[in-house]
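Visitor: Input structure: coords_33.txt, which contains compact mmCIF, C-alpha atoms and all ligand atoms.
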```txt
# COMPACT_ATOMS: atom_id res chain seq x y z
CA MET A 28 -25.95 2.10 22.22
CA GLY A 29 -25.08 -1.54 22.90
CA ASN A 30 -21.77 -3.18 23.70
CA LEU A 31 -22.08 -6.38 21.63
CA THR A 32 -22.05 -7.10 17.92
CA LEU A 33 -22.02 -10.24 15.80
CA ALA A 34 -19.18 -10.64 13.33
CA ILE A 35 -18.72 -13.43 10.81
CA ILE A 36 -15.39 -14.13 9.15
CA LYS A 37 -16.68 -15.45 5.83
CA PRO A 38 -15.68 -18.49 3.73
CA ASP A 39 -13.51 -16.45 1.32
CA ALA A 40 -11.36 -15.21 4.22
CA LEU A 41 -11.00 -18.66 5.81
CA GLY A 42 -10.25 -20.16 2.38
CA ALA A 43 -7.41 -17.65 1.97
CA ARG A 44 -6.20 -18.37 5.55
CA HIS A 45 -6.78 -14.73 6.52
CA GLN A 46 -8.68 -15.44 9.74
CA GLY A 47 -5.64 -14.87 11.98
CA LYS A 48 -4.85 -11.48 10.42
CA ILE A 49 -8.50 -10.44 10.66
CA ILE A 50 -8.72 -11.47 14.33
CA ASP A 51 -5.52 -9.46 14.97
CA ARG A 52 -7.17 -6.36 13.49
CA ILE A 53 -10.22 -6.93 15.67
CA LEU A 54 -8.13 -7.25 18.84
CA GLU A 55 -5.89 -4.31 17.94
CA ALA A 56 -9.03 -2.18 17.53
CA GLY A 57 -9.92 -2.91 21.16
CA PHE A 58 -12.68 -5.49 20.79
CA GLU A 59 -12.94 -8.39 23.22
CA ILE A 60 -13.94 -11.74 21.74
CA GLN A 61 -16.78 -12.94 23.95
CA ALA A 62 -17.57 -16.13 21.98
CA ALA A 63 -16.30 -17.85 18.84
CA ARG A 64 -17.18 -20.85 16.67
CA ILE A 65 -15.90 -22.43 13.46
CA ILE A 66 -18.82 -23.83 11.47
CA LYS A 67 -20.04 -24.77 8.03
CA MET A 68 -23.55 -23.47 7.49
CA SER A 69 -26.11 -25.45 5.55
CA LYS A 70 -27.89 -23.60 2.75
CA SER A 71 -31.03 -23.37 4.87
CA GLN A 72 -29.09 -21.98 7.86
CA ALA A 73 -27.59 -19.30 5.59
CA GLU A 74 -31.08 -18.53 4.26
CA GLY A 75 -32.32 -18.20 7.84
CA PHE A 76 -29.48 -15.93 8.88
CA TYR A 77 -29.94 -13.62 5.88
CA GLN A 78 -33.76 -13.78 5.93
CA VAL A 79 -34.00 -9.95 5.77
CA HIS A 80 -32.45 -10.12 2.29
CA GLN A 81 -34.89 -12.73 0.96
CA GLY A 82 -36.24 -11.52 -2.38
CA ARG A 83 -33.16 -9.40 -3.15
CA PRO A 84 -31.43 -10.25 -6.46
CA PHE A 85 -28.24 -11.34 -4.67
CA PHE A 86 -29.97 -13.63 -2.11
CA LYS A 87 -29.22 -16.92 -3.88
CA GLU A 88 -25.59 -16.00 -4.56
CA LEU A 89 -25.16 -14.79 -0.97
CA THR A 90 -26.59 -17.90 0.69
CA THR A 91 -24.77 -20.27 -1.69
CA PHE A 92 -21.50 -18.52 -0.91
CA MET A 93 -22.08 -18.42 2.85
CA SER A 94 -22.79 -22.18 2.87
CA SER A 95 -19.85 -23.01 0.57
CA GLY A 96 -17.16 -23.34 3.24
CA LEU A 97 -16.13 -22.72 6.82
CA CYS A 98 -16.91 -19.47 8.56
CA MET A 99 -16.32 -18.05 12.04
CA PRO A 100 -19.13 -16.28 13.90
CA LEU A 101 -17.73 -14.13 16.73
CA VAL A 102 -19.43 -12.18 19.48
CA LEU A 103 -17.48 -8.95 19.97
CA ARG A 104 -17.64 -6.54 22.88
CA LYS A 105 -16.67 -2.88 22.87
CA GLU A 106 -18.50 0.32 23.74
CA ASN A 107 -20.74 1.21 20.77
CA ALA A 108 -19.77 -2.14 19.23
CA VAL A 109 -22.05 -2.10 16.15
CA ALA A 110 -20.83 1.26 14.81
CA GLU A 111 -17.23 0.68 15.88
CA PHE A 112 -17.09 -2.67 14.08
CA ARG A 113 -18.69 -1.29 10.93
CA ASN A 114 -16.01 1.42 10.89
CA LEU A 115 -13.32 -1.24 11.24
CA ILE A 116 -14.65 -3.38 8.37
CA GLY A 117 -15.50 -0.58 5.91
CA ALA A 118 -18.10 -0.39 3.14
CA THR A 119 -19.88 -3.54 1.88
CA ASP A 120 -18.23 -3.10 -1.54
CA PRO A 121 -14.43 -3.33 -1.05
CA GLN A 122 -13.93 -0.85 -3.90
CA GLU A 123 -15.69 1.74 -1.73
CA ALA A 124 -14.07 0.68 1.56
CA ALA A 125 -11.70 3.17 3.20
CA PRO A 126 -7.95 2.45 3.31
CA GLY A 127 -6.96 0.40 6.36
CA THR A 128 -10.35 -1.29 6.72
CA ILE A 129 -10.67 -5.08 6.80
CA ARG A 130 -12.73 -5.23 3.61
CA LYS A 131 -10.33 -2.94 1.76
CA ASP A 132 -7.46 -5.27 2.61
CA PHE A 133 -9.08 -8.73 2.51
CA ALA A 134 -12.33 -8.61 0.47
CA THR A 135 -12.39 -9.41 -3.23
CA SER A 136 -15.93 -8.35 -4.24
CA VAL A 137 -19.23 -7.13 -2.81
CA GLY A 138 -20.34 -10.76 -2.49
CA GLU A 139 -17.09 -12.21 -1.17
CA ASN A 140 -16.35 -9.44 1.26
CA ALA A 141 -14.42 -11.26 4.02
CA VAL A 142 -16.55 -10.23 7.00
CA HIS A 143 -20.08 -9.50 8.17
CA GLY A 144 -21.03 -7.08 10.94
CA SER A 145 -24.47 -6.46 12.47
CA ASP A 146 -26.09 -3.22 11.30
CA SER A 147 -28.04 -2.28 14.45
CA ASP A 148 -28.22 -3.19 18.14
CA GLU A 149 -31.55 -4.90 17.51
CA ASN A 150 -30.09 -7.08 14.74
CA ALA A 151 -26.92 -7.72 16.77
CA GLU A 152 -29.04 -9.26 19.52
CA LYS A 153 -30.91 -11.47 17.03
CA GLU A 154 -27.74 -12.46 15.16
CA VAL A 155 -25.83 -13.33 18.35
CA ALA A 156 -28.76 -15.54 19.39
CA PHE A 157 -28.76 -17.22 15.94
CA PHE A 158 -25.30 -18.72 16.55
CA PHE A 159 -24.77 -18.70 20.32
CA ALA A 160 -26.58 -19.81 23.46
CA THR A 161 -26.60 -17.37 26.39
CA GLU A 162 -24.08 -19.51 28.29
CA ASP A 163 -21.63 -19.47 25.33
CA ILE A 164 -20.93 -15.76 25.92
CA LEU A 165 -18.16 -14.98 28.42
CA ALA A 166 -19.94 -12.04 30.04
CA ASN A 167 -22.80 -14.36 30.99
CA LEU A 168 -20.63 -16.91 32.80
P1 LIG A 201 -23.10 -8.65 4.74
O1 LIG A 201 -22.60 -7.58 5.67
O2 LIG A 201 -22.80 -10.04 5.09
O3 LIG A 201 -24.69 -8.49 4.59
C1 LIG A 201 -25.39 -8.87 3.41
C2 LIG A 201 -24.50 -9.30 2.31
O4 LIG A 201 -25.02 -9.40 1.01
C3 LIG A 201 -23.37 -8.29 2.17
O5 LIG A 201 -22.50 -8.37 3.28
C4 LIG A 201 -22.75 -8.70 0.83
O6 LIG A 201 -21.70 -9.63 0.97
C5 LIG A 201 -23.90 -9.46 0.15
N1 LIG A 201 -24.16 -8.93 -1.18
C6 LIG A 201 -23.99 -9.62 -2.33
N2 LIG A 201 -24.31 -8.88 -3.39
C7 LIG A 201 -24.70 -7.68 -2.93
C8 LIG A 201 -25.15 -6.48 -3.53
N3 LIG A 201 -25.27 -6.35 -4.86
N4 LIG A 201 -25.46 -5.45 -2.73
C9 LIG A 201 -25.34 -5.59 -1.38
N5 LIG A 201 -24.93 -6.69 -0.76
C10 LIG A 201 -24.60 -7.72 -1.53
```
Mind converting the file's structure to structure tokens?
Ligand code: CMP
Guide:
Amino acid sequence: MGNLTLAIIKPDALGARHQGKIIDRILEAGFEIQAARIIKMSKSQAEGFYQVHQGRPFFKELTTFMSSGLCMPLVLRKENAVAEFRNLIGATDPQEAAPGTIRKDFATSVGENAVHGSDSDENAEKEVAFFFATEDILANL
């Protein structure tokens, strides 16, 4: 059970200027932000990040969307961070997300679902390393 997870506030949420409200939810839930960036991914960066989904029917739509505007990768720290953050964001499809979750309140569709969260400790480590160097993370300073 690890203490770090990788979150991304996605282009739909930044486009709607919801990043402040989403960060508030994250802080209120007890996460510490250990690193943060504001970036625009190229199509090939988005394809690299979502490599595990290559071949899925939604891969092209997903990577086009994720490279369509600004997004904010965040490294979050809390005990049992991966599971805790997935509880906070809710189901991938906002129609199935529980009341009070970030996706329920800010996502518009399964594709444009406001936030990403790592799905395992192993993937969290890889995803953090995709966006951040070791020295970018506060705990490593
Ligand atoms: P995310 O947590 O970023 O991980 C993979 C993403 O694929 C997921 O959120 C969704 O936004 C996106 N996606 C798009 N279409 C689908 C779909 N039909 N089923 C699952 N995920 C989808």
Visitor: Check which residues fall inside 7 Å of ligand LIG 201 (chain A) when counting all atoms listed in the file, and print them as a list in words.
Guide: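 Listed by chain and ascending number, the contacts are Phe85, Glu88, Leu89, Thr119, Val137, Gly138, Glu139, Asn140, Val142, His143 and Gly144 of chain A.
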Visitor: Find the residues near A:Ile129: any atom within 9 Å, counting all atoms listed in the file, skip ones fewer than 4 places away on the same chain, and give them as a short mmCIF file (atom, residue, chain, number, x, y, z; two decimals) with C-alpha atoms, keeping the file's coordinate frame.
Guide:
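New file out-v8.cif:
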```cif
data_model
loop_
_atom_site.label_atom_id
_atom_site.label_comp_id
_atom_site.auth_asym_id
_atom_site.auth_seq_id
_atom_site.Cartn_x
_atom_site.Cartn_y
_atom_site.Cartn_z
CA ILE A 49 -8.50 -10.44 10.66
CA ARG A 52 -7.17 -6.36 13.49
CA LEU A 115 -13.32 -1.24 11.24
CA ILE A 116 -14.65 -3.38 8.37
CA GLY A 117 -15.50 -0.58 5.91
CA PRO A 121 -14.43 -3.33 -1.05
CA ALA A 124 -14.07 0.68 1.56
CA PHE A 133 -9.08 -8.73 2.51
CA ALA A 134 -12.33 -8.61 0.47
CA ALA A 141 -14.42 -11.26 4.02
CA VAL A 142 -16.55 -10.23 7.00
#
```
Visitor: Just how far from atom CA of A:Met93 is atom CA of A:Met68, in Å to one decimal?
Guide: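 Value for the atom CA of A:Met68-atom CA of A:Met93 distance: 7.0 Å.
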Visitor: What is the atom CA of A:Ile66 to atom CA of A:Asn30 distance in Å?
Guide: 24.2 Å
Visitor: Would you mind telling me which residue in A:Asp51, A:Ala118, A:Gln81, A:Glu106 lies nearest to A:Asp148 when using all atoms listed in the file?
Guide: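 Of A:Asp51, A:Ala118, A:Gln81, A:Glu106, the one nearest A:Asp148 is A:Glu106, counting all atoms listed in the file.
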Visitor: Tell me, counting all atoms listed in the file, for each residue of stretch 50-113 of chain A within 8 Å of stretch 152-160 of chain A, which pair of atoms is nearest and how far apart they are in Å to one decimal, in rows ordered by chain and increasing number, as a Markdown table.
Guide:
```
| residue | atom | partner | partner_atom | distance |
| --- | --- | --- | --- | --- |
| A:Ala62 | CA | A:Phe159 | CA | 7.8 |
| A:Phe76 | CA | A:Phe157 | CA | 7.2 |
| A:Pro100 | CA | A:Phe158 | CA | 7.1 |
| A:Val102 | CA | A:Val155 | CA | 6.6 |
```
Visitor: In terms of the shortest atom-to-atom distance over only C-alpha atoms, which of A:Gln122, A:Asn167, A:Thr161, A:Ser147 is closest to A:Leu33?
Guide: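 Using only C-alpha atoms, A:Leu33 sits closest to A:Ser147.
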Visitor: Using all atoms listed in the file, can you tell me which of A:Glu123, A:Ala34, A:Asn114, A:Asn150 comes closest to A:Gln78?
Guide: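 Looking only at the distances to A:Gln78, the closest residue turns out to be A:Asn150.
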Visitor: What would stretch 80-102 of chain A look like with N, CA and C atoms restored, written as a PDB file, in the coordinates of the input?
Guide:
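Result file result.pdb:
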```pdb
ATOM      1  N   HIS A  80     -32.798 -10.378   3.697  1.00  0.00           N
ATOM      2  CA  HIS A  80     -32.450 -10.120   2.290  1.00  0.00           C
ATOM      3  C   HIS A  80     -33.207 -11.012   1.313  1.00  0.00           C
ATOM      4  N   GLN A  81     -34.132 -11.840   1.842  1.00  0.00           N
ATOM      5  CA  GLN A  81     -34.890 -12.730   0.960  1.00  0.00           C
ATOM      6  C   GLN A  81     -35.641 -11.882  -0.074  1.00  0.00           C
ATOM      7  N   GLY A  82     -35.581 -12.297  -1.334  1.00  0.00           N
ATOM      8  CA  GLY A  82     -36.240 -11.520  -2.380  1.00  0.00           C
ATOM      9  C   GLY A  82     -35.290 -10.565  -3.087  1.00  0.00           C
ATOM     10  N   ARG A  83     -34.130 -10.264  -2.480  1.00  0.00           N
ATOM     11  CA  ARG A  83     -33.160  -9.400  -3.150  1.00  0.00           C
ATOM     12  C   ARG A  83     -32.470 -10.190  -4.262  1.00  0.00           C
ATOM     13  N   PRO A  84     -32.017  -9.519  -5.328  1.00  0.00           N
ATOM     14  CA  PRO A  84     -31.430 -10.250  -6.460  1.00  0.00           C
ATOM     15  C   PRO A  84     -30.177 -11.051  -6.094  1.00  0.00           C
ATOM     16  N   PHE A  85     -29.479 -10.653  -5.024  1.00  0.00           N
ATOM     17  CA  PHE A  85     -28.240 -11.340  -4.670  1.00  0.00           C
ATOM     18  C   PHE A  85     -28.445 -12.436  -3.615  1.00  0.00           C
ATOM     19  N   PHE A  86     -29.709 -12.702  -3.224  1.00  0.00           N
ATOM     20  CA  PHE A  86     -29.970 -13.630  -2.110  1.00  0.00           C
ATOM     21  C   PHE A  86     -29.423 -15.028  -2.364  1.00  0.00           C
ATOM     22  N   LYS A  87     -29.651 -15.542  -3.588  1.00  0.00           N
ATOM     23  CA  LYS A  87     -29.220 -16.920  -3.880  1.00  0.00           C
ATOM     24  C   LYS A  87     -27.695 -17.006  -3.865  1.00  0.00           C
ATOM     25  N   GLU A  88     -27.067 -16.027  -4.513  1.00  0.00           N
ATOM     26  CA  GLU A  88     -25.590 -16.000  -4.560  1.00  0.00           C
ATOM     27  C   GLU A  88     -25.007 -15.892  -3.142  1.00  0.00           C
ATOM     28  N   LEU A  89     -25.630 -15.025  -2.341  1.00  0.00           N
ATOM     29  CA  LEU A  89     -25.160 -14.790  -0.970  1.00  0.00           C
ATOM     30  C   LEU A  89     -25.251 -16.065  -0.123  1.00  0.00           C
ATOM     31  N   THR A  90     -26.397 -16.733  -0.183  1.00  0.00           N
ATOM     32  CA  THR A  90     -26.590 -17.900   0.690  1.00  0.00           C
ATOM     33  C   THR A  90     -25.809 -19.115   0.169  1.00  0.00           C
ATOM     34  N   THR A  91     -25.618 -19.197  -1.142  1.00  0.00           N
ATOM     35  CA  THR A  91     -24.770 -20.270  -1.690  1.00  0.00           C
ATOM     36  C   THR A  91     -23.332 -20.058  -1.242  1.00  0.00           C
ATOM     37  N   PHE A  92     -22.869 -18.827  -1.341  1.00  0.00           N
ATOM     38  CA  PHE A  92     -21.500 -18.520  -0.910  1.00  0.00           C
ATOM     39  C   PHE A  92     -21.311 -18.769   0.587  1.00  0.00           C
ATOM     40  N   MET A  93     -22.252 -18.308   1.394  1.00  0.00           N
ATOM     41  CA  MET A  93     -22.080 -18.420   2.850  1.00  0.00           C
ATOM     42  C   MET A  93     -22.166 -19.865   3.333  1.00  0.00           C
ATOM     43  N   SER A  94     -22.734 -20.759   2.492  1.00  0.00           N
ATOM     44  CA  SER A  94     -22.790 -22.180   2.870  1.00  0.00           C
ATOM     45  C   SER A  94     -21.743 -22.996   2.095  1.00  0.00           C
ATOM     46  N   SER A  95     -20.812 -22.304   1.433  1.00  0.00           N
ATOM     47  CA  SER A  95     -19.850 -23.010   0.570  1.00  0.00           C
ATOM     48  C   SER A  95     -18.594 -23.481   1.321  1.00  0.00           C
ATOM     49  N   GLY A  96     -18.384 -22.986   2.521  1.00  0.00           N
ATOM     50  CA  GLY A  96     -17.160 -23.340   3.240  1.00  0.00           C
ATOM     51  C   GLY A  96     -17.257 -22.933   4.695  1.00  0.00           C
ATOM     52  N   LEU A  97     -16.132 -23.049   5.398  1.00  0.00           N
ATOM     53  CA  LEU A  97     -16.130 -22.720   6.820  1.00  0.00           C
ATOM     54  C   LEU A  97     -16.271 -21.224   7.049  1.00  0.00           C
ATOM     55  N   CYS A  98     -16.910 -20.874   8.138  1.00  0.00           N
ATOM     56  CA  CYS A  98     -16.910 -19.470   8.560  1.00  0.00           C
ATOM     57  C   CYS A  98     -16.822 -19.413  10.083  1.00  0.00           C
ATOM     58  N   MET A  99     -16.510 -18.238  10.597  1.00  0.00           N
ATOM     59  CA  MET A  99     -16.320 -18.050  12.040  1.00  0.00           C
ATOM     60  C   MET A  99     -17.222 -16.940  12.560  1.00  0.00           C
ATOM     61  N   PRO A 100     -18.351 -17.293  13.176  1.00  0.00           N
ATOM     62  CA  PRO A 100     -19.130 -16.280  13.900  1.00  0.00           C
ATOM     63  C   PRO A 100     -18.402 -15.927  15.207  1.00  0.00           C
ATOM     64  N   LEU A 101     -18.375 -14.634  15.515  1.00  0.00           N
ATOM     65  CA  LEU A 101     -17.730 -14.130  16.730  1.00  0.00           C
ATOM     66  C   LEU A 101     -18.685 -13.164  17.430  1.00  0.00           C
ATOM     67  N   VAL A 102     -18.738 -13.228  18.726  1.00  0.00           N
ATOM     68  CA  VAL A 102     -19.430 -12.180  19.480  1.00  0.00           C
ATOM     69  C   VAL A 102     -18.359 -11.221  19.983  1.00  0.00           C
TER      70      VAL A 102
END
```
